[in-house]
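As stored in model.txt (compact mmCIF, C-alpha atoms and all ligand atoms):
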# COMPACT_ATOMS: atom_id res chain seq x y z
CA MET A 1 0.00 0.00 0.00
CA ASN A 2 1.49 3.39 -0.99
CA ILE A 3 0.94 6.61 0.93
CA LEU A 4 -1.93 7.89 -1.24
CA GLU A 5 -3.75 4.58 -0.75
CA ALA A 6 -3.06 4.75 3.01
CA ILE A 7 -4.59 8.26 3.14
CA ARG A 8 -7.67 7.08 1.23
CA HIS A 9 -8.08 3.86 3.18
CA ARG A 10 -7.44 5.14 6.75
CA ARG A 11 -10.32 5.51 9.17
CA SER A 12 -10.43 5.59 12.95
CA VAL A 13 -10.49 2.01 14.25
CA ARG A 14 -12.10 1.56 17.67
CA SER A 15 -12.87 -2.20 17.61
CA PHE A 16 -9.92 -4.60 17.43
CA GLU A 17 -9.39 -8.32 16.99
CA GLU A 18 -8.36 -10.12 20.15
CA THR A 19 -4.92 -10.99 18.65
CA PRO A 20 -2.45 -8.80 20.56
CA LEU A 21 -0.12 -6.47 18.66
CA ARG A 22 2.78 -8.62 17.45
CA PRO A 23 6.13 -7.66 19.05
CA GLU A 24 7.74 -7.13 15.62
CA ASP A 25 4.94 -4.70 14.65
CA ALA A 26 5.35 -2.85 17.96
CA ARG A 27 9.10 -2.57 17.30
CA ARG A 28 8.59 -1.28 13.74
CA ILE A 29 6.11 1.37 14.92
CA LEU A 30 8.40 2.62 17.69
CA ALA A 31 11.51 2.60 15.46
CA PHE A 32 9.61 4.61 12.80
CA ALA A 33 8.29 7.08 15.41
CA GLU A 34 11.72 7.70 16.85
CA LYS A 35 13.09 8.75 13.45
CA LEU A 36 10.29 11.22 12.68
CA GLU A 37 10.99 14.94 12.33
CA ASN A 38 8.69 17.93 11.85
CA PRO A 39 9.02 21.33 10.15
CA TYR A 40 8.93 23.07 13.55
CA GLU A 41 11.94 21.06 14.78
CA LEU A 42 10.22 20.23 18.08
CA PRO A 43 11.35 16.82 19.38
CA ILE A 44 8.70 14.33 20.50
CA THR A 45 9.23 11.45 22.94
CA TRP A 46 7.29 8.25 22.19
CA LYS A 47 6.27 5.31 24.33
CA LEU A 48 4.39 2.11 23.70
CA LEU A 49 2.05 1.55 26.64
CA ASP A 50 0.31 -1.52 27.95
CA ALA A 51 -3.19 -0.74 29.24
CA LYS A 52 -3.18 -3.56 31.82
CA LYS A 53 0.22 -2.66 33.23
CA HIS A 54 -0.50 1.07 33.55
CA GLY A 55 -4.23 0.99 34.31
CA LEU A 56 -5.12 2.77 31.05
CA SER A 57 -8.55 2.78 29.50
CA SER A 58 -10.64 4.43 26.81
CA PRO A 59 -14.41 3.95 26.84
CA VAL A 60 -14.53 3.92 23.02
CA ILE A 61 -11.83 1.30 22.39
CA VAL A 62 -12.45 -2.46 22.54
CA GLY A 63 -10.17 -5.44 21.91
CA THR A 64 -6.62 -4.11 22.39
CA ASP A 65 -4.35 -3.27 25.31
CA SER A 66 -1.64 -1.62 23.19
CA TYR A 67 -1.35 2.15 22.92
CA ILE A 68 1.20 4.61 21.62
CA ALA A 69 1.55 8.08 23.11
CA GLY A 70 3.83 11.05 22.46
CA LYS A 71 4.84 14.02 24.57
CA LEU A 72 6.70 17.26 23.87
CA ARG A 73 7.67 20.54 25.53
CA ARG A 74 5.03 23.26 25.54
CA ALA A 75 6.16 25.74 22.88
CA PRO A 76 4.70 27.85 20.08
CA HIS A 77 3.48 25.50 17.30
CA ALA A 78 3.58 22.42 19.57
CA GLU A 79 0.07 21.53 18.37
CA GLU A 80 0.87 21.67 14.63
CA ALA A 81 4.18 19.85 15.20
CA PHE A 82 2.43 17.05 17.10
CA GLY A 83 -0.39 16.78 14.54
CA TYR A 84 2.05 16.59 11.62
CA THR A 85 4.26 13.98 13.28
CA PHE A 86 1.63 11.72 14.85
CA GLU A 87 -0.26 11.55 11.56
CA LYS A 88 2.88 10.26 9.80
CA LEU A 89 2.86 7.49 12.36
CA VAL A 90 -0.85 6.82 11.88
CA LEU A 91 -0.34 6.47 8.11
CA PHE A 92 2.69 4.23 8.57
CA ALA A 93 0.59 1.98 10.85
CA GLU A 94 -2.08 1.90 8.14
CA THR A 95 0.45 0.58 5.60
CA LEU A 96 1.22 -2.27 8.05
CA GLY A 97 -2.48 -3.12 8.45
CA ILE A 98 -2.52 -1.73 12.00
CA GLY A 99 -5.57 0.27 13.09
CA THR A 100 -5.34 3.55 15.04
CA THR A 101 -7.59 6.27 16.45
CA TRP A 102 -6.48 9.71 17.46
CA ILE A 103 -7.68 10.15 21.06
CA ALA A 104 -7.48 13.49 22.84
CA GLY A 105 -10.53 13.23 25.09
CA THR A 106 -12.03 9.78 25.58
CA MET A 107 -9.41 8.23 27.89
CA ASN A 108 -8.36 8.29 31.54
CA ARG A 109 -5.87 11.06 30.79
CA ALA A 110 -4.29 11.20 34.27
CA ALA A 111 -3.26 7.54 34.03
CA PHE A 112 -1.81 8.02 30.53
CA GLU A 113 0.11 11.13 31.64
CA GLN A 114 1.51 9.25 34.60
CA ALA A 115 2.57 6.36 32.38
CA MET A 116 4.30 8.91 30.12
CA GLN A 117 6.05 10.49 33.14
CA LEU A 118 4.83 13.87 31.96
CA ALA A 119 6.84 16.80 33.35
CA GLU A 120 5.37 20.19 34.31
CA ASP A 121 6.49 21.88 31.06
CA GLU A 122 5.41 19.00 28.80
CA VAL A 123 2.16 18.08 27.10
CA MET A 124 0.81 14.74 25.85
CA PRO A 125 -1.74 15.91 23.28
CA CYS A 126 -3.10 12.57 22.06
CA VAL A 127 -2.69 8.82 22.21
CA SER A 128 -3.77 6.01 19.91
CA PRO A 129 -4.63 2.36 20.38
CA LEU A 130 -2.71 -0.06 18.13
CA GLY A 131 -4.03 -3.38 16.92
CA TYR A 132 -5.60 -5.32 14.09
CA PRO A 133 -9.01 -3.99 13.01
CA ALA A 134 -11.96 -6.24 13.90
CA LYS A 135 -14.07 -7.42 10.94
CA LYS A 136 -17.16 -5.94 12.60
CA MET A 137 -17.43 -2.62 14.40
CA SER A 138 -18.82 -2.54 17.93
CA LEU A 139 -22.25 -0.96 18.28
CA ARG A 140 -20.66 1.86 20.26
CA GLU A 141 -18.25 2.52 17.41
CA SER A 142 -20.99 2.70 14.75
CA VAL A 143 -23.06 5.02 16.94
CA MET A 144 -20.04 7.21 17.51
CA ARG A 145 -19.22 7.43 13.80
CA LYS A 146 -22.80 8.47 13.02
CA GLY A 147 -22.70 11.09 15.80
CA VAL A 148 -19.75 12.93 14.22
CA LYS A 149 -20.70 12.04 10.60
CA ALA A 150 -17.27 10.40 10.39
CA ASP A 151 -17.79 9.21 6.81
CA SER A 152 -18.51 12.61 5.35
CA ARG A 153 -16.36 15.63 4.59
CA LEU A 154 -16.99 19.21 3.47
CA GLY A 155 -16.84 19.81 -0.30
CA PHE A 156 -13.67 20.76 -2.19
CA GLY A 157 -14.98 24.28 -2.88
CA GLU A 158 -15.92 24.83 0.79
CA LEU A 159 -12.37 24.09 1.97
CA PHE A 160 -10.13 25.33 -0.82
CA PHE A 161 -9.90 28.71 -2.54
CA ASP A 162 -8.50 30.19 -5.71
CA GLY A 163 -6.30 33.24 -5.17
CA SER A 164 -8.40 34.65 -2.32
CA PHE A 165 -11.12 33.51 0.08
CA GLU A 166 -13.68 35.08 -2.28
CA LYS A 167 -13.35 32.39 -4.98
CA PRO A 168 -13.93 28.67 -4.31
CA LEU A 169 -11.38 26.41 -6.00
CA THR A 170 -12.36 23.64 -8.42
CA PRO A 171 -10.32 20.44 -8.85
CA GLU A 172 -9.79 21.46 -12.51
CA ALA A 173 -8.30 24.83 -11.53
CA ALA A 174 -6.14 23.10 -8.86
CA GLY A 175 -4.52 21.04 -11.65
CA ALA A 176 -1.56 18.99 -10.38
CA LEU A 177 -2.43 19.91 -6.78
CA ALA A 178 -6.01 18.61 -6.87
CA GLU A 179 -5.00 15.21 -5.52
CA ALA A 180 -2.84 16.70 -2.74
CA LEU A 181 -5.79 18.86 -1.66
CA GLU A 182 -8.11 15.85 -1.81
CA ALA A 183 -5.68 14.16 0.61
CA VAL A 184 -6.19 17.12 2.98
CA ARG A 185 -9.96 16.84 2.62
CA LEU A 186 -9.88 13.18 3.73
CA ALA A 187 -7.81 13.82 6.87
CA PRO A 188 -9.04 13.03 10.38
CA SER A 189 -9.87 15.92 12.72
CA ALA A 190 -11.17 16.37 16.28
CA VAL A 191 -14.97 15.82 16.25
CA ASN A 192 -14.60 15.76 12.44
CA LYS A 193 -14.72 19.58 12.34
CA GLN A 194 -12.29 19.82 9.38
CA PRO A 195 -10.98 23.27 10.33
CA TRP A 196 -8.44 23.44 7.50
CA ARG A 197 -8.79 26.00 4.70
CA VAL A 198 -6.28 26.43 1.86
CA VAL A 199 -5.82 29.31 -0.58
CA LEU A 200 -3.84 28.47 -3.75
CA ARG A 201 -2.06 31.56 -5.01
CA GLY A 202 0.68 31.39 -7.62
CA GLU A 203 3.22 28.73 -6.58
CA LYS A 204 1.98 28.68 -3.00
CA ALA A 205 -0.63 26.89 -0.92
CA HIS A 206 -1.50 28.94 2.17
CA PHE A 207 -3.01 27.02 5.09
CA TYR A 208 -5.51 28.57 7.54
CA GLU A 209 -7.43 27.43 10.58
CA LYS A 210 -11.16 28.10 10.65
CA GLN A 211 -11.69 28.19 14.40
CA SER A 212 -14.78 26.61 15.95
CA ARG A 213 -15.85 28.12 19.24
CA GLY A 214 -14.72 26.39 22.42
CA TYR A 215 -11.71 24.52 21.02
CA ASP A 216 -8.99 27.01 22.06
CA SER A 217 -8.57 26.79 25.82
CA GLY A 218 -5.85 28.23 28.01
CA GLY A 219 -3.49 28.86 25.10
CA TRP A 220 -3.88 25.28 23.83
CA ASP A 221 -5.80 24.87 20.56
CA ILE A 222 -6.67 21.32 19.57
CA GLN A 223 -7.70 22.46 16.09
CA LYS A 224 -4.08 23.41 15.40
CA ILE A 225 -3.36 19.68 15.76
CA ASP A 226 -5.83 19.16 12.91
CA LEU A 227 -3.90 21.74 10.88
CA GLY A 228 -0.68 19.82 11.51
CA ILE A 229 -2.44 16.73 10.16
CA ALA A 230 -3.53 18.68 7.07
CA LEU A 231 0.06 19.87 6.45
CA CYS A 232 1.25 16.27 6.75
CA HIS A 233 -1.30 14.93 4.24
CA PHE A 234 -0.59 17.72 1.77
CA GLU A 235 3.17 17.31 1.90
CA LEU A 236 3.12 13.51 1.67
CA ALA A 237 0.62 13.51 -1.21
CA ALA A 238 2.43 16.28 -3.12
CA LYS A 239 5.73 14.39 -2.82
CA ALA A 240 4.06 11.14 -3.92
CA LEU A 241 2.80 13.03 -7.00
CA GLY A 242 6.36 14.03 -7.89
CA LEU A 243 6.12 17.66 -6.66
CA THR A 244 8.56 19.41 -4.33
CA PRO A 245 6.73 21.21 -1.51
CA SER A 246 8.76 23.34 0.90
CA PHE A 247 7.25 24.68 4.13
CA GLU A 248 7.51 28.24 5.38
CA ILE A 249 5.68 30.57 7.74
CA ALA A 250 5.26 33.76 5.71
CA ASP A 251 1.79 35.25 6.06
CA PRO A 252 0.62 36.67 2.70
CA LYS A 253 -1.77 38.95 4.68
CA LEU A 254 -4.87 38.09 2.64
CA SER A 255 -8.26 39.41 3.65
CA LEU A 256 -9.73 36.71 5.93
CA PRO A 257 -13.23 35.51 6.80
CA ASP A 258 -14.26 35.65 10.50
CA ASP A 259 -12.52 33.30 12.96
CA THR A 260 -9.83 32.36 10.45
CA ARG A 261 -6.10 32.50 11.14
CA TYR A 262 -2.95 31.89 9.15
CA ILE A 263 -0.92 28.73 9.95
CA GLY A 264 1.74 28.26 7.26
CA SER A 265 2.41 27.78 3.55
CA PHE A 266 3.96 25.38 1.10
CA GLU A 267 5.82 26.63 -1.94
CA ILE A 268 5.46 24.02 -4.64
CA ARG A 269 7.94 23.40 -7.38
CA GLN A 270 6.75 21.10 -10.15
C1 LIG A 301 -6.90 15.76 17.32
C2 LIG A 301 -7.95 14.66 17.30
C3 LIG A 301 -8.54 14.25 18.48
C4 LIG A 301 -9.49 13.20 18.48
N1 LIG A 301 -10.01 12.77 19.68
C5 LIG A 301 -10.85 11.70 19.69
C6 LIG A 301 -11.31 11.16 20.92
O1 LIG A 301 -11.00 11.64 22.02
N2 LIG A 301 -12.11 10.05 20.88
C7 LIG A 301 -12.48 9.46 19.70
O2 LIG A 301 -13.18 8.46 19.72
N3 LIG A 301 -12.06 9.97 18.49
C8 LIG A 301 -11.26 11.06 18.47
N4 LIG A 301 -10.80 11.55 17.26
C9 LIG A 301 -11.16 10.89 15.99
C10 LIG A 301 -12.17 11.71 15.16
O3 LIG A 301 -13.45 11.64 15.76
C11 LIG A 301 -12.19 11.16 13.72
O4 LIG A 301 -10.93 11.33 13.13
C12 LIG A 301 -13.24 11.85 12.83
O5 LIG A 301 -14.52 11.62 13.33
C13 LIG A 301 -13.17 11.36 11.36
O6 LIG A 301 -13.34 9.97 11.29
P1 LIG A 301 -12.23 9.03 10.62
O7 LIG A 301 -10.96 9.22 11.42
O8 LIG A 301 -12.77 7.64 10.74
O9 LIG A 301 -12.05 9.49 9.20
C14 LIG A 301 -9.88 12.60 17.25
C15 LIG A 301 -9.27 13.04 16.05
C16 LIG A 301 -8.32 14.04 16.07
C17 LIG A 301 -7.65 14.44 14.80

Would you mind giving the structure from this file in structure tokens?
Amino acid sequence: MNILEAIRHRRSVRSFEETPLRPEDARRILAFAEKLENPYELPITWKLLDAKKHGLSSPVIVGTDSYIAGKLRRAPHAEEAFGYTFEKLVLFAETLGIGTTWIAGTMNRAAFEQAMQLAEDEVMPCVSPLGYPAKKMSLRESVMRKGVKADSRLGFGELFFDGSFEKPLTPEAAGALAEALEAVRLAPSAVNKQPWRVVLRGEKAHFYEKQSRGYDSGGWDIQKIDLGIALCHFELAAKALGLTPSFEIADPKLSLPDDTRYIGSFEIRQ
């Protein structure tokens, strides 16, 4: 499975087969995680955790005791850095046939943070179960997916814009970048809010966060994690399509709709 297929095929997996995560798969996941870098150059520490050993639980996950969690220093852009990096791991797991779910809320967080030996100046934004997807979803999982309309996404022209926020972008006008933007559209996000917006302008794709109320608390904005995920999908897909995206933070100072803020840009060389 290549990366574009992994992006298309991935979904949150909350029901797992009883077969425990094989030690060689656990080792491959951890080895891959430890080599990952992000454009913000913020290092992340990873741990594989055993739910039984550490008293961990998530009310939405059934069938596996294996989890992976990451922690990093609190710093500007920690959210985007974590989103970008953890999603690379999620997609790698997908290529191995291992199911994951981003979990920020539905877990006994204090137990996870203790297992991660979280220091005062660190944050553990999300964790994920690891295991082999069950053939049939649990009832709880299907209800949950319906609740957040997990199988649907906003339309291309609602998320992506041509030159300015005034003009919706069409896949035809996006040309070579249409598939990279489609990869952004399919990405996972907290409560499936899909806060990413992109304006294509010349050689650049400018990424913005459309903020939903109540998601930015105490200087920590979970929707910036979603933006990190979007940057990851765009970059991976663009590279897979033979393009050369390079990341920069250089606000083009466009006129913005309400509750929208600039995150970063890719310059794309064909
Ligand atoms: C940052 C983030 C946090 C999330 N937190 C949770 C969570 O606490 N519990 C949960 O069941 N799903 C969580 N999700 C999964 C989303 O609900 C899911 O990605 C979305 O509904 C789209 O479904 P899909 O991943 O199957 O495409 C989270 C996703 C992201 C990106």

Query raised in the report: Smallest atom-to-atom distance to ligand LIG 301 (chain A): which of A:Leu91, A:Ile249, A:Ile61, A:Ala111, using only C-alpha atoms and all ligand atoms?
Result: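 For ligand LIG 301 (chain A), the nearest of the given residues is A:Ile61.
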
Requested in this report: Check which residues fall inside 9 Å of ligand LIG 301 (chain A) when counting all atoms listed in the file, and print them as a PyMOL selection string.
Outcome: chain A and resi 10-14+58-61+83+87+100-107+125-127+141+144-153+186-194+222-226+229

Query raised in the report: Given the choices A:Asp65, A:Glu179, A:Glu41, A:Glu166, which gets closest to Glu18 of chain A if the distance is worked out from all atoms listed in the file?
Result: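 Residue with the minimum atom-to-atom distance to Glu18 of chain A: A:Asp65.
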
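Pairwise distance (atom CA of Ile3 of chain A, atom CA of Ala205 of chain A) equals 20.4 Å.
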
Query raised in the report: From the list A:Leu231, A:Leu254, A:Leu42, A:Met137, which residue is nearest His77 of chain A when using only C-alpha atoms?
Result: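 Closest to His77 of chain A, using only C-alpha atoms: A:Leu42.
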
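Candidate residues A:Leu236, A:Leu159, A:Ile68, A:Ala230 were compared for distance to Val199 of chain A, and the nearest is A:Leu159, using only C-alpha atoms.
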
Requested in this report: Write out as number ranges by chain each polymer residue whose atoms come within 12 Å of Arg28 of chain A, counting only C-alpha atoms; drop sequence neighbours fewer than 4 positions from it.
Outcome: A: 21-24, 32-35, 48, 89, 92-93, 95-96, 98

Query raised in the report: Which of these residues is nearest to Leu49 of chain A, using all atoms listed in the file: A:Thr85, A:Ser217, A:Asn108, A:Ser128?
Result: A:Ser128

Requested in this report: State, in Å with one decimal place, the distance from atom CA of Ser164 of chain A to atom CA of Pro252 of chain A.
Outcome: 10.5 Å

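The coordinates place atom CA of Arg201 of chain A at 13.2 Å from atom CA of Ser255 of chain A.
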
Requested in this report: For Gln117 of chain A, list every protein, DNA or RNA residue within 12 Å, evaluated using all atoms listed in the file, and leave out those in the same chain fewer than 3 positions away; present the list as an NGL selection string.
Outcome: :A and (45-47 or 49 or 54 or 69-72 or 110-114 or 120-124)

Report task. Would you mind telling me which residue in A:Arg109, A:Lys135, A:Arg185, A:Arg140 lies nearest to Phe16 of chain A when using all atoms listed in the file? Result ->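 Answer, going by the shortest atom-to-atom distance: A:Lys135.
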
Complete the atom set of segment 231-265 of chain A to N, CA and C atoms and return it as a PDB file, keeping the file's coordinate frame.
ATOM      1  N   LEU A 231      -1.262  19.595   7.056  1.00  0.00           N
ATOM      2  CA  LEU A 231       0.060  19.870   6.450  1.00  0.00           C
ATOM      3  C   LEU A 231       0.749  18.565   6.084  1.00  0.00           C
ATOM      4  N   CYS A 232       0.638  17.585   6.978  1.00  0.00           N
ATOM      5  CA  CYS A 232       1.250  16.270   6.750  1.00  0.00           C
ATOM      6  C   CYS A 232       0.665  15.612   5.499  1.00  0.00           C
ATOM      7  N   HIS A 233      -0.669  15.581   5.404  1.00  0.00           N
ATOM      8  CA  HIS A 233      -1.300  14.930   4.240  1.00  0.00           C
ATOM      9  C   HIS A 233      -0.906  15.634   2.952  1.00  0.00           C
ATOM     10  N   PHE A 234      -0.910  16.972   2.983  1.00  0.00           N
ATOM     11  CA  PHE A 234      -0.590  17.720   1.770  1.00  0.00           C
ATOM     12  C   PHE A 234       0.835  17.425   1.311  1.00  0.00           C
ATOM     13  N   GLU A 235       1.758  17.501   2.254  1.00  0.00           N
ATOM     14  CA  GLU A 235       3.170  17.310   1.900  1.00  0.00           C
ATOM     15  C   GLU A 235       3.436  15.894   1.378  1.00  0.00           C
ATOM     16  N   LEU A 236       2.892  14.899   2.097  1.00  0.00           N
ATOM     17  CA  LEU A 236       3.120  13.510   1.670  1.00  0.00           C
ATOM     18  C   LEU A 236       2.521  13.255   0.291  1.00  0.00           C
ATOM     19  N   ALA A 237       1.288  13.758   0.075  1.00  0.00           N
ATOM     20  CA  ALA A 237       0.620  13.510  -1.210  1.00  0.00           C
ATOM     21  C   ALA A 237       1.356  14.253  -2.323  1.00  0.00           C
ATOM     22  N   ALA A 238       1.741  15.511  -2.080  1.00  0.00           N
ATOM     23  CA  ALA A 238       2.430  16.280  -3.120  1.00  0.00           C
ATOM     24  C   ALA A 238       3.735  15.583  -3.515  1.00  0.00           C
ATOM     25  N   LYS A 239       4.473  15.099  -2.516  1.00  0.00           N
ATOM     26  CA  LYS A 239       5.730  14.390  -2.820  1.00  0.00           C
ATOM     27  C   LYS A 239       5.450  13.120  -3.616  1.00  0.00           C
ATOM     28  N   ALA A 240       4.401  12.393  -3.220  1.00  0.00           N
ATOM     29  CA  ALA A 240       4.060  11.140  -3.920  1.00  0.00           C
ATOM     30  C   ALA A 240       3.683  11.432  -5.373  1.00  0.00           C
ATOM     31  N   LEU A 241       3.200  12.658  -5.638  1.00  0.00           N
ATOM     32  CA  LEU A 241       2.800  13.030  -7.000  1.00  0.00           C
ATOM     33  C   LEU A 241       3.976  13.616  -7.793  1.00  0.00           C
ATOM     34  N   GLY A 242       5.158  13.588  -7.181  1.00  0.00           N
ATOM     35  CA  GLY A 242       6.360  14.030  -7.890  1.00  0.00           C
ATOM     36  C   GLY A 242       6.627  15.526  -7.768  1.00  0.00           C
ATOM     37  N   LEU A 243       5.905  16.220  -6.859  1.00  0.00           N
ATOM     38  CA  LEU A 243       6.120  17.660  -6.660  1.00  0.00           C
ATOM     39  C   LEU A 243       7.107  17.874  -5.520  1.00  0.00           C
ATOM     40  N   THR A 244       7.597  19.117  -5.393  1.00  0.00           N
ATOM     41  CA  THR A 244       8.560  19.410  -4.330  1.00  0.00           C
ATOM     42  C   THR A 244       8.014  20.533  -3.443  1.00  0.00           C
ATOM     43  N   PRO A 245       7.272  20.173  -2.383  1.00  0.00           N
ATOM     44  CA  PRO A 245       6.730  21.210  -1.510  1.00  0.00           C
ATOM     45  C   PRO A 245       7.748  21.633  -0.445  1.00  0.00           C
ATOM     46  N   SER A 246       7.891  22.946  -0.217  1.00  0.00           N
ATOM     47  CA  SER A 246       8.760  23.340   0.900  1.00  0.00           C
ATOM     48  C   SER A 246       7.987  24.285   1.833  1.00  0.00           C
ATOM     49  N   PHE A 247       8.089  23.996   3.137  1.00  0.00           N
ATOM     50  CA  PHE A 247       7.250  24.680   4.130  1.00  0.00           C
ATOM     51  C   PHE A 247       7.878  25.979   4.597  1.00  0.00           C
ATOM     52  N   GLU A 248       7.028  26.974   4.815  1.00  0.00           N
ATOM     53  CA  GLU A 248       7.510  28.240   5.380  1.00  0.00           C
ATOM     54  C   GLU A 248       6.355  28.896   6.146  1.00  0.00           C
ATOM     55  N   ILE A 249       6.707  29.741   7.097  1.00  0.00           N
ATOM     56  CA  ILE A 249       5.680  30.570   7.740  1.00  0.00           C
ATOM     57  C   ILE A 249       5.929  31.982   7.249  1.00  0.00           C
ATOM     58  N   ALA A 250       5.102  32.434   6.321  1.00  0.00           N
ATOM     59  CA  ALA A 250       5.260  33.760   5.710  1.00  0.00           C
ATOM     60  C   ALA A 250       3.857  34.210   5.309  1.00  0.00           C
ATOM     61  N   ASP A 251       3.199  34.879   6.232  1.00  0.00           N
ATOM     62  CA  ASP A 251       1.790  35.250   6.060  1.00  0.00           C
ATOM     63  C   ASP A 251       1.619  36.194   4.865  1.00  0.00           C
ATOM     64  N   PRO A 252       0.819  35.781   3.854  1.00  0.00           N
ATOM     65  CA  PRO A 252       0.620  36.670   2.700  1.00  0.00           C
ATOM     66  C   PRO A 252      -0.351  37.814   3.001  1.00  0.00           C
ATOM     67  N   LYS A 253      -0.878  37.854   4.229  1.00  0.00           N
ATOM     68  CA  LYS A 253      -1.770  38.950   4.680  1.00  0.00           C
ATOM     69  C   LYS A 253      -2.979  39.132   3.751  1.00  0.00           C
ATOM     70  N   LEU A 254      -3.639  38.023   3.444  1.00  0.00           N
ATOM     71  CA  LEU A 254      -4.870  38.090   2.640  1.00  0.00           C
ATOM     72  C   LEU A 254      -6.001  38.593   3.520  1.00  0.00           C
ATOM     73  N   SER A 255      -7.066  39.027   2.888  1.00  0.00           N
ATOM     74  CA  SER A 255      -8.260  39.410   3.650  1.00  0.00           C
ATOM     75  C   SER A 255      -8.975  38.111   4.070  1.00  0.00           C
ATOM     76  N   LEU A 256      -9.267  37.991   5.384  1.00  0.00           N
ATOM     77  CA  LEU A 256      -9.730  36.710   5.930  1.00  0.00           C
ATOM     78  C   LEU A 256     -11.194  36.739   6.373  1.00  0.00           C
ATOM     79  N   PRO A 257     -11.899  35.622   6.212  1.00  0.00           N
ATOM     80  CA  PRO A 257     -13.230  35.510   6.800  1.00  0.00           C
ATOM     81  C   PRO A 257     -13.125  35.523   8.335  1.00  0.00           C
ATOM     82  N   ASP A 258     -14.263  35.643   9.027  1.00  0.00           N
ATOM     83  CA  ASP A 258     -14.260  35.650  10.500  1.00  0.00           C
ATOM     84  C   ASP A 258     -13.627  34.367  11.046  1.00  0.00           C
ATOM     85  N   ASP A 259     -13.039  34.461  12.218  1.00  0.00           N
ATOM     86  CA  ASP A 259     -12.520  33.300  12.960  1.00  0.00           C
ATOM     87  C   ASP A 259     -11.521  32.464  12.153  1.00  0.00           C
ATOM     88  N   THR A 260     -10.776  33.098  11.289  1.00  0.00           N
ATOM     89  CA  THR A 260      -9.830  32.360  10.450  1.00  0.00           C
ATOM     90  C   THR A 260      -8.425  32.898  10.709  1.00  0.00           C
ATOM     91  N   ARG A 261      -7.459  31.995  10.944  1.00  0.00           N
ATOM     92  CA  ARG A 261      -6.100  32.500  11.140  1.00  0.00           C
ATOM     93  C   ARG A 261      -5.054  31.711  10.339  1.00  0.00           C
ATOM     94  N   TYR A 262      -4.011  32.446   9.992  1.00  0.00           N
ATOM     95  CA  TYR A 262      -2.950  31.890   9.150  1.00  0.00           C
ATOM     96  C   TYR A 262      -2.116  30.882   9.948  1.00  0.00           C
ATOM     97  N   ILE A 263      -1.742  29.776   9.308  1.00  0.00           N
ATOM     98  CA  ILE A 263      -0.920  28.730   9.950  1.00  0.00           C
ATOM     99  C   ILE A 263       0.446  28.577   9.272  1.00  0.00           C
ATOM    100  N   GLY A 264       0.468  28.468   7.949  1.00  0.00           N
ATOM    101  CA  GLY A 264       1.740  28.260   7.260  1.00  0.00           C
ATOM    102  C   GLY A 264       1.488  28.002   5.777  1.00  0.00           C
ATOM    103  N   SER A 265       2.556  27.920   5.006  1.00  0.00           N
ATOM    104  CA  SER A 265       2.410  27.780   3.550  1.00  0.00           C
ATOM    105  C   SER A 265       3.391  26.747   2.996  1.00  0.00           C
TER     106      SER A 265
END
